[in-house]
Amino acid sequence: MKLSLKNVKYAEHASQETSNFVAELYVDGKPFAIVGNDGIGGCDYHHRHEKYGRSHSEWHEELQNLYKWHRENTTYETEYDPRGYSEGSLDITVGELLDDYLTTKRVKSLMSRSMIVFEKDDPKGGYYKFGKKKYGITEDKMGWFRNQLWERFKDNWICLNFMPLEEAVAFYKAN
């Protein structure tokens with residue numbers, strides 16, 4: 001079962017205890033629900049997507065099956081359970097999808113304006129931003145920029161801009 005979010009609208013300023021958002025939830029590539037949260041704590045809400053194509057009772061039954069499947073088949077790490085993990089939930093999965101969406105959006109934004117460089121052995125895990133406009137970095141000057149990185153960091157650097165987006169996002173999240 002593959003879940004994805006589309007048409008995400010996120011309001012950071014209105015997020016208090018939980019993320020304030022609304023999005024379309026797709027199950028196996030098909031529209032299923034409008035999912036969201038008011039950002040003041042509590043569970044996500046789900047409404048049948050207008051393009052779902054089946055009755056409301058069939059949709060509700062499928063929603064209950066999604067809740068059950070996530071409870072039985074997913075887990076997440078937690079320090080509050082002696083086992084070290086707890087049963088997953090549809091809300092947690094949607095929250096992870098939202099986090100992935102927001103992180104991808106942030107990395108795209110950073111990379112569009114700057115060259116993002118991590119030092120491999122930096123214990124703090126920070127990164128450098130070299131503004132493309134400030135340093136005159138254009139597509140035809142990428143070789144020059146790579147040489148500048150080599151001179152400054154030797155082989156101790158990783159530049160997100162030289163990676164495929166999915167790999168850059170994964171590296172950003174990990175570091």
# chains A, B, ... in the order shown; residues from 1 in each chain; ligands from 1
>>> residues_around(residues="range 95-108 of chain A", least_positions_apart="6", cutoff="7 Å", atoms="only C-alpha atoms", output="PDB file with N, CA and C atoms, in the first residue's frame")
ATOM      1  N   SER A   4       0.406   8.749  -0.537  1.00  0.00           N
ATOM      2  CA  SER A   4       1.099   9.978  -0.930  1.00  0.00           C
ATOM      3  C   SER A   4       0.175  11.164  -0.697  1.00  0.00           C
ATOM      4  N   LEU A   5       0.795  12.326  -0.538  1.00  0.00           N
ATOM      5  CA  LEU A   5       0.050  13.572  -0.371  1.00  0.00           C
ATOM      6  C   LEU A   5       0.230  14.430  -1.612  1.00  0.00           C
ATOM      7  N   VAL A 169      17.797  15.169  -0.445  1.00  0.00           N
ATOM      8  CA  VAL A 169      16.833  15.281   0.654  1.00  0.00           C
ATOM      9  C   VAL A 169      17.167  14.269   1.749  1.00  0.00           C
TER      10      VAL A 169
END
>>> residues_around(residues="Leu149 in chain A", least_positions_apart="6", cutoff="9 Å", atoms="only C-alpha atoms", output="PyMOL selection string")
chain A and resi 117+155+157+159
>>> atom_distance(atom1="CA of Leu63 in chain A", atom2="CA of Glu87 in chain A")
17.4 Å
>>> residues_around(residues="Lys9 in chain A", least_positions_apart="6", cutoff="9 Å", atoms="only C-alpha atoms", output="MDAnalysis selection string")
chainID A and resid 20:23
>>> residues_around(residues="Phe145 in chain A", least_positions_apart="5", cutoff="10 Å", atoms="only C-alpha atoms", output="compact mmCIF listing (two decimals) with C-alpha atoms, in the first residue's frame")
# COMPACT_ATOMS: atom_id res chain seq x y z
CA MET A 115 25.12 25.85 -3.18
CA PHE A 130 27.20 29.80 -0.94
CA TYR A 135 29.32 34.30 -5.79
CA GLY A 136 28.22 34.46 -9.42
CA ILE A 137 27.59 30.71 -9.59
CA THR A 138 25.77 29.78 -12.77
CA GLU A 139 25.33 26.44 -14.55
CA ASP A 140 28.40 27.10 -16.71
CA TRP A 150 38.26 21.02 -3.56
CA GLU A 151 40.80 23.72 -2.70
>>> residues_around(residues="Asp91 in chain A", least_positions_apart="3", cutoff="7 Å", atoms="only C-alpha atoms", output="PyMOL selection string")
chain A and resi 43-44+94-95
>>> write_last_selection(atoms="N, CA and C atoms", output="PDB file, in the first residue's frame")
ATOM      1  N   CYS A  43      -6.071  14.591  16.651  1.00  0.00           N
ATOM      2  CA  CYS A  43      -5.887  13.743  15.473  1.00  0.00           C
ATOM      3  C   CYS A  43      -6.173  14.500  14.186  1.00  0.00           C
ATOM      4  N   ASP A  44      -5.700  13.909  13.091  1.00  0.00           N
ATOM      5  CA  ASP A  44      -6.025  14.430  11.763  1.00  0.00           C
ATOM      6  C   ASP A  44      -7.498  14.164  11.474  1.00  0.00           C
ATOM      7  N   VAL A  94       0.885   9.866   7.864  1.00  0.00           N
ATOM      8  CA  VAL A  94       0.593  11.130   7.169  1.00  0.00           C
ATOM      9  C   VAL A  94       1.548  12.216   7.654  1.00  0.00           C
ATOM     10  N   GLY A  95       1.842  12.237   8.949  1.00  0.00           N
ATOM     11  CA  GLY A  95       2.796  13.202   9.486  1.00  0.00           C
ATOM     12  C   GLY A  95       4.180  13.038   8.879  1.00  0.00           C
TER      13      GLY A  95
END
>>> residues_around(residues="Met1 in chain A", least_positions_apart="4", cutoff="12 Å", atoms="only C-alpha atoms", output="ChimeraX atom specification")
/A:26-30,65-66,69-70,73-74,93
>>> write_last_selection(atoms="C-alpha atoms", output="PDB file, in the first residue's frame")
ATOM      1  CA  TYR A  26      -3.823   9.242  -2.380  1.00  0.00           C
ATOM      2  CA  VAL A  27      -3.810   5.484  -1.820  1.00  0.00           C
ATOM      3  CA  ASP A  28      -1.999   3.453  -4.492  1.00  0.00           C
ATOM      4  CA  GLY A  29      -2.075   6.456  -6.820  1.00  0.00           C
ATOM      5  CA  LYS A  30      -5.834   7.051  -6.519  1.00  0.00           C
ATOM      6  CA  ASN A  65      -9.110  -0.726   7.122  1.00  0.00           C
ATOM      7  CA  LEU A  66      -6.314   1.848   6.633  1.00  0.00           C
ATOM      8  CA  TRP A  69      -3.479  -1.846   8.664  1.00  0.00           C
ATOM      9  CA  HIS A  70      -1.239   0.926  10.051  1.00  0.00           C
ATOM     10  CA  ASN A  73       1.897  -3.238  10.247  1.00  0.00           C
ATOM     11  CA  THR A  74       3.833  -0.108  11.194  1.00  0.00           C
ATOM     12  CA  THR A  93       2.284   7.982   8.488  1.00  0.00           C
TER      13      THR A  93
END
>>> closest_residue(among="A:Lys173, A:Lys120, A:Lys6, A:Lys134", to="Lys154 in chain A", atoms="only C-alpha atoms")
A:Lys120
>>> atom_distance(atom1="CA of Glu12 in chain A", atom2="CA of Ser109 in chain A")
16.2 Å
>>> select_by_dssp(residues="range 2-173 of chain A", states="helix (DSSP H, G or I)", output="JSON, numbers by chain")
{"A": [12, 13, 14, 56, 57, 58, 59, 60, 61, 62, 63, 64, 65, 66, 67, 68, 69, 70, 71, 72, 73, 90, 91, 92, 93, 94, 95, 96, 97, 98, 99, 100, 101, 102, 103, 104, 105, 106, 107, 108, 109, 110, 111, 112, 113, 132, 133, 134, 135, 139, 140, 141, 142, 143, 144, 145, 146, 147, 148, 149, 150, 151, 152, 153, 160, 161, 162, 165, 166, 167, 168, 169, 170, 171, 172, 173]}
>>> select_by_dssp(residues="range 86-175 of chain A", states="strand (DSSP E or B)", output="PyMOL selection string")
chain A and resi 86-87+114-119+127-131+157-159
>>> atom_distance(atom1="CA of His47 in chain A", atom2="CA of His13 in chain A")
23.8 Å
>>> closest_residue(among="A:Asn7, A:Thr78, A:Ser114, A:Thr18", to="Asn37 in chain A", atoms="only C-alpha atoms")
A:Thr18
>>> residues_around(residues="Met111 in chain A", least_positions_apart="6", cutoff="9 Å", atoms="only C-alpha atoms", output="short mmCIF file (atom, residue, chain, number, x, y, z; two decimals) with N, CA, C and O atoms, in the first residue's frame")
data_model
loop_
_atom_site.label_atom_id
_atom_site.label_comp_id
_atom_site.auth_asym_id
_atom_site.auth_seq_id
_atom_site.Cartn_x
_atom_site.Cartn_y
_atom_site.Cartn_z
N LYS A 129 26.21 27.71 3.10
CA LYS A 129 25.40 28.16 1.97
C LYS A 129 26.23 29.17 1.20
O LYS A 129 26.64 30.19 1.75
N LEU A 160 25.06 19.22 -1.93
CA LEU A 160 23.73 18.71 -2.27
C LEU A 160 23.37 18.99 -3.72
O LEU A 160 22.68 18.20 -4.36
N ASN A 161 23.84 20.12 -4.25
CA ASN A 161 23.47 20.52 -5.60
C ASN A 161 23.99 19.57 -6.67
O ASN A 161 23.52 19.57 -7.79
#
>>> closest_residue(among="A:Val8, A:Glu17, A:Asp121, A:Pro82", to="Val35 in chain A", atoms="only C-alpha atoms")
A:Val8
